[in-house]
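Enquirer: File coords.txt below, compact mmCIF, C-alpha atoms and all ligand atoms:
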```
# COMPACT_ATOMS: atom_id res chain seq x y z
CA MET A 242 -97.44 -136.68 -171.71
CA ARG A 243 -94.65 -139.18 -172.39
CA VAL A 244 -95.51 -141.96 -174.86
CA PRO A 245 -94.89 -145.31 -173.15
CA ILE A 246 -92.45 -147.84 -174.58
CA ILE A 247 -92.71 -151.59 -174.22
CA ALA A 248 -89.51 -153.27 -175.36
CA GLY A 249 -88.95 -157.02 -175.55
CA ASN A 250 -85.42 -158.18 -174.84
CA TRP A 251 -85.24 -161.65 -176.30
CA LYS A 252 -81.73 -162.15 -174.90
CA MET A 253 -79.94 -165.27 -176.26
CA ASN A 254 -83.14 -166.97 -177.38
CA THR A 255 -84.62 -167.89 -180.77
CA THR A 256 -83.04 -169.17 -183.96
CA ILE A 257 -83.72 -167.08 -187.05
CA ALA A 258 -86.70 -169.29 -187.90
CA GLU A 259 -88.06 -169.02 -184.35
CA ALA A 260 -87.58 -165.25 -184.31
CA GLU A 261 -89.50 -164.94 -187.56
CA ALA A 262 -92.29 -167.16 -186.25
CA LEU A 263 -92.53 -165.19 -183.00
CA VAL A 264 -92.74 -161.84 -184.75
CA ARG A 265 -95.27 -163.16 -187.27
CA GLN A 266 -97.41 -164.34 -184.38
CA MET A 267 -97.30 -160.99 -182.57
CA LEU A 268 -97.51 -158.57 -185.46
CA PRO A 269 -101.20 -158.66 -186.41
CA GLU A 270 -102.29 -157.90 -182.83
CA LEU A 271 -99.54 -155.39 -182.10
CA GLU A 272 -100.56 -153.52 -185.24
CA THR A 273 -103.99 -152.85 -183.73
CA ILE A 274 -102.61 -151.13 -180.59
CA ASP A 275 -102.07 -147.35 -180.56
CA GLY A 276 -100.39 -145.07 -178.11
CA VAL A 277 -97.38 -147.23 -177.20
CA GLU A 278 -94.02 -147.54 -178.91
CA THR A 279 -93.34 -151.24 -179.26
CA VAL A 280 -89.79 -152.52 -179.75
CA VAL A 281 -88.49 -156.07 -180.13
CA CYS A 282 -84.81 -156.85 -179.59
CA PRO A 283 -83.85 -160.21 -181.09
CA PRO A 284 -80.30 -161.61 -181.22
CA PHE A 285 -77.95 -160.06 -183.83
CA VAL A 286 -78.35 -162.88 -186.35
CA SER A 287 -82.13 -162.37 -186.47
CA LEU A 288 -82.13 -158.58 -186.67
CA ASP A 289 -82.25 -158.47 -190.44
CA ALA A 290 -85.08 -160.99 -190.74
CA VAL A 291 -87.15 -159.32 -188.01
CA SER A 292 -86.46 -155.91 -189.48
CA ARG A 293 -87.80 -157.04 -192.88
CA LEU A 294 -90.92 -158.54 -191.33
CA THR A 295 -91.67 -155.39 -189.34
CA GLN A 296 -90.89 -152.89 -192.08
CA GLY A 297 -93.78 -150.47 -192.53
CA THR A 298 -95.46 -151.64 -189.31
CA SER A 299 -95.70 -149.95 -185.92
CA VAL A 300 -93.24 -152.43 -184.42
CA GLN A 301 -89.67 -151.21 -184.11
CA VAL A 302 -86.50 -153.26 -183.79
CA GLY A 303 -83.56 -152.98 -181.41
CA ALA A 304 -80.21 -154.69 -180.90
CA GLN A 305 -79.08 -155.97 -177.51
CA ASN A 306 -75.54 -154.63 -177.68
CA LEU A 307 -72.87 -153.11 -179.92
CA TYR A 308 -69.16 -152.31 -179.77
CA HIS A 309 -68.13 -148.68 -179.78
CA GLU A 310 -65.35 -148.79 -182.39
CA PRO A 311 -66.42 -148.01 -185.95
CA LYS A 312 -64.60 -151.03 -187.46
CA GLY A 313 -61.44 -153.09 -187.27
CA ALA A 314 -59.83 -156.04 -185.56
CA TYR A 315 -62.41 -156.75 -182.84
CA THR A 316 -63.27 -160.37 -183.52
CA GLY A 317 -66.87 -161.22 -182.75
CA GLU A 318 -68.05 -157.65 -182.24
CA VAL A 319 -70.64 -155.60 -184.12
CA ALA A 320 -70.01 -151.92 -184.95
CA PRO A 321 -72.68 -149.23 -184.55
CA GLY A 322 -72.68 -148.45 -188.27
CA MET A 323 -73.45 -152.09 -189.08
CA LEU A 324 -76.78 -151.73 -187.28
CA VAL A 325 -77.89 -148.62 -189.13
CA GLY A 326 -80.79 -149.46 -191.40
CA VAL A 327 -81.33 -152.77 -189.59
CA CYS A 328 -82.62 -151.44 -186.28
CA ARG A 329 -83.38 -148.13 -184.61
CA TRP A 330 -82.76 -148.98 -180.96
CA VAL A 331 -79.99 -150.61 -178.96
CA ILE A 332 -79.97 -151.85 -175.36
CA LEU A 333 -76.70 -150.87 -173.65
CA GLY A 334 -75.32 -151.64 -170.21
CA HIS A 335 -77.66 -154.53 -169.51
CA SER A 336 -76.77 -156.16 -166.19
CA GLU A 337 -76.03 -159.45 -167.97
CA ARG A 338 -73.41 -157.63 -170.08
CA ARG A 339 -72.02 -156.06 -166.91
CA GLN A 340 -72.00 -159.36 -165.02
CA TYR A 341 -70.89 -161.94 -167.58
CA PHE A 342 -68.88 -159.78 -169.96
CA HIS A 343 -67.37 -157.39 -167.43
CA GLU A 344 -68.71 -154.21 -168.99
CA ASP A 345 -68.07 -151.25 -166.74
CA ASP A 346 -69.65 -147.79 -166.71
CA ARG A 347 -66.81 -146.34 -168.76
CA LEU A 348 -67.30 -148.86 -171.57
CA VAL A 349 -71.08 -148.39 -171.42
CA ASN A 350 -70.47 -144.64 -171.75
CA GLN A 351 -68.41 -145.19 -174.91
CA LYS A 352 -71.12 -147.42 -176.32
CA VAL A 353 -73.88 -144.89 -175.61
CA ALA A 354 -71.85 -142.16 -177.32
CA ALA A 355 -71.11 -144.41 -180.31
CA ALA A 356 -74.75 -145.40 -180.69
CA LEU A 357 -75.89 -141.77 -180.64
CA ASP A 358 -73.18 -140.83 -183.17
CA VAL A 359 -74.77 -143.06 -185.80
CA GLY A 360 -78.34 -142.13 -184.88
CA LEU A 361 -79.28 -145.25 -182.91
CA LYS A 362 -81.52 -144.71 -179.89
CA PRO A 363 -79.95 -146.12 -176.74
CA ILE A 364 -81.88 -147.88 -173.99
CA LEU A 365 -79.40 -147.50 -171.15
CA ALA A 366 -79.97 -150.18 -168.52
CA VAL A 367 -79.05 -149.49 -164.91
CA GLY A 368 -79.84 -151.28 -161.66
CA GLU A 369 -78.41 -152.42 -158.36
CA ARG A 370 -77.45 -155.95 -157.37
CA LEU A 371 -79.07 -157.64 -154.38
CA GLU A 372 -76.05 -157.19 -152.10
CA GLU A 373 -75.87 -153.52 -153.05
CA ARG A 374 -79.52 -153.06 -152.23
CA GLU A 375 -79.17 -154.88 -148.92
CA ALA A 376 -76.19 -152.70 -148.04
CA GLY A 377 -78.34 -149.60 -148.64
CA ARG A 378 -76.26 -148.63 -151.68
CA THR A 379 -79.01 -148.51 -154.33
CA GLU A 380 -78.90 -144.72 -154.77
CA GLU A 381 -75.14 -144.58 -154.91
CA VAL A 382 -74.91 -147.38 -157.51
CA ILE A 383 -77.63 -145.95 -159.74
CA ALA A 384 -76.15 -142.45 -159.46
CA ARG A 385 -72.75 -143.73 -160.61
CA GLN A 386 -74.22 -145.76 -163.49
CA VAL A 387 -76.20 -142.77 -164.74
CA ARG A 388 -73.45 -140.18 -164.22
CA VAL A 389 -70.58 -142.17 -165.74
CA GLY A 390 -72.81 -143.79 -168.37
CA LEU A 391 -73.78 -140.37 -169.72
CA GLU A 392 -70.56 -138.46 -169.01
CA SER A 393 -69.55 -135.91 -171.67
CA ILE A 394 -72.55 -136.78 -173.82
CA PRO A 395 -74.48 -133.69 -174.95
CA ALA A 396 -78.24 -133.84 -174.31
CA PRO A 397 -79.18 -137.17 -175.92
CA GLU A 398 -82.79 -136.49 -177.01
CA SER A 399 -83.44 -140.09 -178.03
CA LEU A 400 -82.11 -141.60 -174.79
CA VAL A 401 -84.30 -144.01 -172.84
CA ILE A 402 -83.22 -145.38 -169.46
CA ALA A 403 -84.36 -148.76 -168.15
CA TYR A 404 -84.24 -149.35 -164.41
CA GLU A 405 -83.69 -153.05 -163.93
CA PRO A 406 -82.85 -154.10 -160.39
CA VAL A 407 -80.63 -157.14 -160.92
CA TRP A 408 -82.37 -159.17 -158.20
CA ALA A 409 -85.67 -158.83 -160.06
CA ILE A 410 -84.42 -160.09 -163.43
CA GLY A 411 -85.65 -163.55 -164.34
CA THR A 412 -86.44 -164.32 -160.71
CA GLY A 413 -90.18 -163.73 -160.56
CA ARG A 414 -89.35 -161.36 -157.70
CA ALA A 415 -90.46 -158.09 -159.28
CA ALA A 416 -89.86 -154.78 -157.54
CA SER A 417 -93.01 -153.25 -156.09
CA GLY A 418 -94.58 -150.48 -158.12
CA ASP A 419 -93.81 -148.00 -155.35
CA ASP A 420 -90.15 -149.02 -155.12
CA ALA A 421 -89.67 -148.90 -158.88
CA ASN A 422 -91.47 -145.56 -159.05
CA GLU A 423 -89.26 -144.10 -156.35
CA THR A 424 -85.99 -145.23 -157.94
CA ILE A 425 -87.12 -144.07 -161.37
CA GLY A 426 -87.96 -140.69 -159.85
CA LEU A 427 -84.42 -140.63 -158.52
CA ILE A 428 -83.05 -141.43 -161.98
CA ARG A 429 -85.09 -138.60 -163.47
CA GLY A 430 -83.66 -136.27 -160.83
CA LEU A 431 -80.10 -137.31 -161.72
CA VAL A 432 -80.77 -136.70 -165.38
CA ALA A 433 -82.32 -133.31 -164.56
CA LYS A 434 -79.09 -132.32 -162.84
CA GLN A 435 -77.10 -133.10 -165.96
CA TYR A 436 -79.46 -131.97 -168.73
CA GLY A 437 -82.06 -129.80 -167.03
CA ASP A 438 -85.58 -130.38 -165.84
CA ALA A 439 -87.34 -130.05 -169.18
CA PHE A 440 -85.12 -132.73 -170.71
CA ALA A 441 -85.67 -135.07 -167.76
CA GLN A 442 -89.43 -134.59 -167.96
CA ARG A 443 -89.42 -135.55 -171.65
CA MET A 444 -87.18 -138.61 -171.21
CA ARG A 445 -88.80 -142.02 -170.88
CA VAL A 446 -87.67 -144.32 -168.06
CA LEU A 447 -88.77 -147.95 -168.13
CA TYR A 448 -88.96 -150.60 -165.46
CA GLY A 449 -87.57 -154.09 -166.10
CA GLY A 450 -87.40 -157.23 -163.99
CA SER A 451 -90.05 -159.96 -163.99
CA MET A 452 -92.62 -157.70 -165.63
CA THR A 453 -95.55 -159.78 -166.86
CA GLN A 454 -99.09 -159.42 -168.10
CA ASP A 455 -100.19 -159.78 -164.47
CA ASN A 456 -98.22 -156.88 -163.00
CA VAL A 457 -97.78 -154.42 -165.89
CA GLY A 458 -100.94 -152.51 -164.93
CA GLY A 459 -99.54 -151.70 -161.49
CA TYR A 460 -96.34 -150.26 -162.95
CA MET A 461 -98.15 -148.27 -165.61
CA ALA A 462 -100.31 -146.64 -162.94
CA MET A 463 -97.16 -145.08 -161.46
CA PRO A 464 -96.42 -141.52 -162.54
CA GLU A 465 -92.67 -141.98 -163.14
CA ILE A 466 -92.80 -145.31 -165.00
CA ASP A 467 -93.01 -144.97 -168.77
CA GLY A 468 -93.16 -148.61 -169.78
CA GLY A 469 -91.17 -151.79 -169.53
CA LEU A 470 -88.17 -153.76 -170.72
CA ILE A 471 -89.46 -157.30 -170.80
CA GLY A 472 -87.35 -160.46 -170.82
CA GLY A 473 -89.07 -163.82 -170.37
CA ALA A 474 -92.59 -162.64 -171.10
CA SER A 475 -91.50 -161.11 -174.42
CA LEU A 476 -90.83 -164.59 -175.79
CA LYS A 477 -94.51 -165.54 -175.61
CA ALA A 478 -96.51 -163.76 -178.28
CA GLY A 479 -99.76 -163.68 -176.27
CA ASP A 480 -98.08 -162.41 -173.10
CA PHE A 481 -96.17 -159.70 -174.90
CA VAL A 482 -99.24 -158.50 -176.80
CA SER A 483 -101.18 -158.41 -173.54
CA ILE A 484 -98.46 -156.30 -171.89
CA VAL A 485 -98.43 -153.83 -174.78
CA ARG A 486 -102.24 -153.66 -174.81
CA GLN A 487 -102.44 -153.03 -171.07
CA ALA A 488 -99.76 -150.35 -171.27
CA ALA A 489 -101.80 -148.55 -173.93
CA GLU A 490 -105.00 -148.86 -171.91
CA ALA A 491 -103.35 -147.68 -168.70
CA ARG A 492 -101.99 -144.57 -170.39
CA ARG A 493 -105.34 -143.80 -172.04
CA GLY A 494 -107.04 -144.01 -168.65
CA GLN A 495 -104.73 -141.43 -167.05
P1 LIG A 501 -87.20 -160.72 -167.16
O1 LIG A 501 -88.41 -160.00 -167.65
O2 LIG A 501 -87.06 -162.11 -167.71
O3 LIG A 501 -87.07 -160.65 -165.67
O4 LIG A 501 -85.91 -159.93 -167.75
C1 LIG A 501 -85.86 -158.57 -167.63
C2 LIG A 501 -84.73 -158.07 -168.42
O5 LIG A 501 -83.57 -158.32 -168.12
C3 LIG A 501 -85.03 -157.29 -169.63
O6 LIG A 501 -83.89 -156.71 -170.15
```
Would you write out, as C-alpha cells, the structure that this file holds?
Expert:
Amino acid sequence: MRVPIIAGNWKMNTTIAEAEALVRQMLPELETIDGVETVVCPPFVSLDAVSRLTQGTSVQVGAQNLYHEPKGAYTGEVAPGMLVGVCRWVILGHSERRQYFHEDDRLVNQKVAAALDVGLKPILAVGERLEEREAGRTEEVIARQVRVGLESIPAPESLVIAYEPVWAIGTGRAASGDDANETIGLIRGLVAKQYGDAFAQRMRVLYGGSMTQDNVGGYMAMPEIDGGLIGGASLKAGDFVSIVRQAAEARRGQ
C-alpha cells in the first residue's frame, strides 16, 4: 500500500519569524501522527530555519522551486545543489510558476532532471486550466505535461505527481473526489506507459486545489489519491494538523 503524503505549499507567505512560529505550532501534534509523510514547503528564505526546527522530527521540508543550472550568472535563482541538506523535496511545475513566470513543460523537465541529479525528491505539479477543461482538453493537457515533464528521465523512484486543476486552486471550488480520482488514474496510466505498471503502482499521486479539513476525507477514500498538496489550509496550524490526521485515519481504515 502506498504511504500517503500531505504537503503544505506555503507559497509566498510568512516571514522567517512567522514560518518559525507556524512550524512550532504544528510540530508537537504532527509528531504524534503515524502513517503519513508530512512535508512543509516554506519560501526559500525560511527553508533553513524550518529545516533546523524540524530536524530529527517526522516532518520533512520542501522548496517551492529551483533553477536547473548548477551555478552561475542567473540573478535571483537558486541552484539544486544549494538546497541539498536544507530540504529533501521540491515542488516543480506549479501552475503559478507556469502562469506568472512562463515556465513551460521543457523547462519543468530540466528542473525535474536537475532535482533528481542532486537527490532531491520532485513533486511534479500538473493540471488543466478552466478553459482547457471546458474545451474538453483535460486529458490532452495532462498527457503533455506528464510526457514532456518526464521526457528522457530514467525511472525516477522518488517522483511524486500532484494533480492540481488550476480552476480549483485558491477558489474554494475543489474538484469532486470522483473527478480527481479519474484524472489521477489517467496520470498513473501515462506513467505506466513510460516506466511500467509496477513503477506506476508504487508512485504517489496527490490531489491539490482547495483541499481542506472538511473535504480531505472524501479524497482519501478514493483508491487513486495518495494525499494532498495543500495551499491556503496549510497556513493554519490547526487545519493542517487536522488534514494530516484525517489522511492517516483514512488510510488506516482501508
Ligand atoms: P489551495 O489549497 O490554496 O487551493 O492551493 C493549492 C495549491 O496550489 C497547492 O500547491
Enquirer: Counting all atoms listed in the file, what are the residues of chain A within 7 Å of ligand LIG 501 (chain A), and for each of them which pair of atoms is the nearest and at what distance in Å, to one decimal? Sort the table by chain and rising number, as a Markdown table.
Expert:
```
| residue | atom | partner | partner_atom | distance |
| --- | --- | --- | --- | --- |
| A:Asn250 | CA | A:LIG501 | O6 | 5.1 |
| A:His335 | CA | A:LIG501 | O6 | 6.6 |
| A:Glu405 | CA | A:LIG501 | O5 | 6.7 |
| A:Ala409 | CA | A:LIG501 | O3 | 6.1 |
| A:Ile410 | CA | A:LIG501 | O3 | 3.5 |
| A:Gly411 | CA | A:LIG501 | O3 | 3.5 |
| A:Thr412 | CA | A:LIG501 | O3 | 6.2 |
| A:Gly413 | CA | A:LIG501 | O3 | 6.7 |
| A:Gly449 | CA | A:LIG501 | C1 | 5.0 |
| A:Gly450 | CA | A:LIG501 | O3 | 3.8 |
| A:Ser451 | CA | A:LIG501 | O3 | 3.5 |
| A:Met452 | CA | A:LIG501 | O1 | 5.2 |
| A:Leu470 | CA | A:LIG501 | C3 | 4.8 |
| A:Ile471 | CA | A:LIG501 | O1 | 4.3 |
| A:Gly472 | CA | A:LIG501 | O1 | 3.4 |
| A:Gly473 | CA | A:LIG501 | O2 | 3.7 |
| A:Ala474 | CA | A:LIG501 | O1 | 6.0 |
```
Enquirer: Pick the closest to Ala403 of chain A from A:Thr256, A:Ser336, A:Ser483, A:Gln351: which is it, counting all atoms listed in the file?
Expert: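 Selected residue with least distance to Ala403 of chain A: A:Ser336.
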Enquirer: Would you mind telling me which residue in A:Leu307, A:Ala491, A:Val264, A:Val389 lies nearest to Met323 of chain A when using only C-alpha atoms?
Expert: A:Leu307
Enquirer: Find, counting all atoms listed in the file, the residue in A:Leu294, A:Phe440, A:Ala366, A:Glu423 that gets nearest to Tyr404 of chain A.
Expert: A:Ala366
Enquirer: I want to know what sits within 10 Å of Ala248 of chain A, based on all atoms listed in the file, with residues of the same chain fewer than 6 positions away left out; could you give that as a ChimeraX atom specification?
Expert: /A:278-282,300-303,330,332,364,403,447,449,468-472,475,481,485
Enquirer: Generate a file of the selected residues that holds C-alpha atoms, formatted as an mmCIF file, in the coordinates of the input.
Expert:
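Just written: out33.cif:
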```cif
data_model
loop_
_atom_site.group_PDB
_atom_site.id
_atom_site.type_symbol
_atom_site.label_atom_id
_atom_site.label_comp_id
_atom_site.auth_asym_id
_atom_site.auth_seq_id
_atom_site.Cartn_x
_atom_site.Cartn_y
_atom_site.Cartn_z
ATOM 1 C CA GLU A 278 -94.020 -147.540 -178.910
ATOM 2 C CA THR A 279 -93.340 -151.240 -179.260
ATOM 3 C CA VAL A 280 -89.790 -152.520 -179.750
ATOM 4 C CA VAL A 281 -88.490 -156.070 -180.130
ATOM 5 C CA CYS A 282 -84.810 -156.850 -179.590
ATOM 6 C CA VAL A 300 -93.240 -152.430 -184.420
ATOM 7 C CA GLN A 301 -89.670 -151.210 -184.110
ATOM 8 C CA VAL A 302 -86.500 -153.260 -183.790
ATOM 9 C CA GLY A 303 -83.560 -152.980 -181.410
ATOM 10 C CA TRP A 330 -82.760 -148.980 -180.960
ATOM 11 C CA ILE A 332 -79.970 -151.850 -175.360
ATOM 12 C CA ILE A 364 -81.880 -147.880 -173.990
ATOM 13 C CA ALA A 403 -84.360 -148.760 -168.150
ATOM 14 C CA LEU A 447 -88.770 -147.950 -168.130
ATOM 15 C CA GLY A 449 -87.570 -154.090 -166.100
ATOM 16 C CA GLY A 468 -93.160 -148.610 -169.780
ATOM 17 C CA GLY A 469 -91.170 -151.790 -169.530
ATOM 18 C CA LEU A 470 -88.170 -153.760 -170.720
ATOM 19 C CA ILE A 471 -89.460 -157.300 -170.800
ATOM 20 C CA GLY A 472 -87.350 -160.460 -170.820
ATOM 21 C CA SER A 475 -91.500 -161.110 -174.420
ATOM 22 C CA PHE A 481 -96.170 -159.700 -174.900
ATOM 23 C CA VAL A 485 -98.430 -153.830 -174.780
#
```
Enquirer: Just to confirm, what's the straight-line distance from atom CA of Asn350 of chain A to atom CA of Leu391 of chain A in Å (one decimal)?
Expert: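 Taking atom CA of Asn350 of chain A as the start and atom CA of Leu391 of chain A as the end point, the length is 5.8 Å.
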Enquirer: Can you work out which one of A:Gln495, A:Ser417, A:Ser299, A:Thr316 has the shortest atom-to-atom distance to Asp275 of chain A, counting all atoms listed in the file?
Expert: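 Nearest to Asp275 of chain A: A:Ser299.
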Enquirer: Kindly give the distance, in Å, that separates atom CA of Ala416 of chain A and atom CA of Ala462 of chain A, rounded to a single decimal.
Expert: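 Atom-to-atom, atom CA of Ala416 of chain A and atom CA of Ala462 of chain A are spaced 14.3 Å apart.
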Enquirer: Between atom CA of Glu261 of chain A and atom CA of Val286 of chain A, what distance in Å does the model show, to one decimal?
Expert: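 Here the two named atoms are 11.4 Å from each other.
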Enquirer: With distances taken over all atoms listed in the file, which residue among A:Gln435, A:Phe285, A:Asn306, A:Val291 lies nearest Ser393 of chain A?
Expert: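 Of A:Gln435, A:Phe285, A:Asn306, A:Val291, the one nearest Ser393 of chain A is A:Gln435, counting all atoms listed in the file.
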Enquirer: Using only C-alpha atoms, determine which residues lie at most 9 Å from Ala260 of chain A, disregarding the query and same-chain residues fewer than 3 positions distant; provide the list as JSON, numbers by chain.
Expert: {"A": [254, 255, 256, 257, 263, 264, 265, 283, 284, 287, 288, 290, 291]}
Enquirer: Selected residues, C-alpha atoms, written as a CSV table (one decimal), in the coordinates of the input, please.
Expert:
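Result saved to part_30.csv:
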```csv
chain,number,residue,atom,x,y,z
A,254,ASN,CA,-83.1,-167.0,-177.4
A,255,THR,CA,-84.6,-167.9,-180.8
A,256,THR,CA,-83.0,-169.2,-184.0
A,257,ILE,CA,-83.7,-167.1,-187.0
A,263,LEU,CA,-92.5,-165.2,-183.0
A,264,VAL,CA,-92.7,-161.8,-184.8
A,265,ARG,CA,-95.3,-163.2,-187.3
A,283,PRO,CA,-83.8,-160.2,-181.1
A,284,PRO,CA,-80.3,-161.6,-181.2
A,287,SER,CA,-82.1,-162.4,-186.5
A,288,LEU,CA,-82.1,-158.6,-186.7
A,290,ALA,CA,-85.1,-161.0,-190.7
A,291,VAL,CA,-87.2,-159.3,-188.0
```
Enquirer: Identify the residues within 12 Å of coordinate (-95.1, -150.9, -154.7) (same frame as the file), considering only C-alpha atoms, and give the answer as a ChimeraX atom specification.
Expert: /A:415-424,456,458-463,466
Enquirer: For Gly430 of chain A, which of A:Glu380, A:Gly313, A:Glu490, A:Lys477 is the closest residue, counting only C-alpha atoms?
Expert: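 Selected residue with least distance to Gly430 of chain A: A:Glu380.
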Enquirer: Which centre and which edge lengths, in Å to one decimal, describe the axis-aligned box that holds all listed atoms of segment 462-479 of chain A after 3 Å is added on each side, as lines of an AutoDock Vina configuration file?
Expert:
```
center_x = -93.8
center_y = -153.5
center_z = -169.9
size_x = 19.0
size_y = 30.0
size_z = 22.8
```
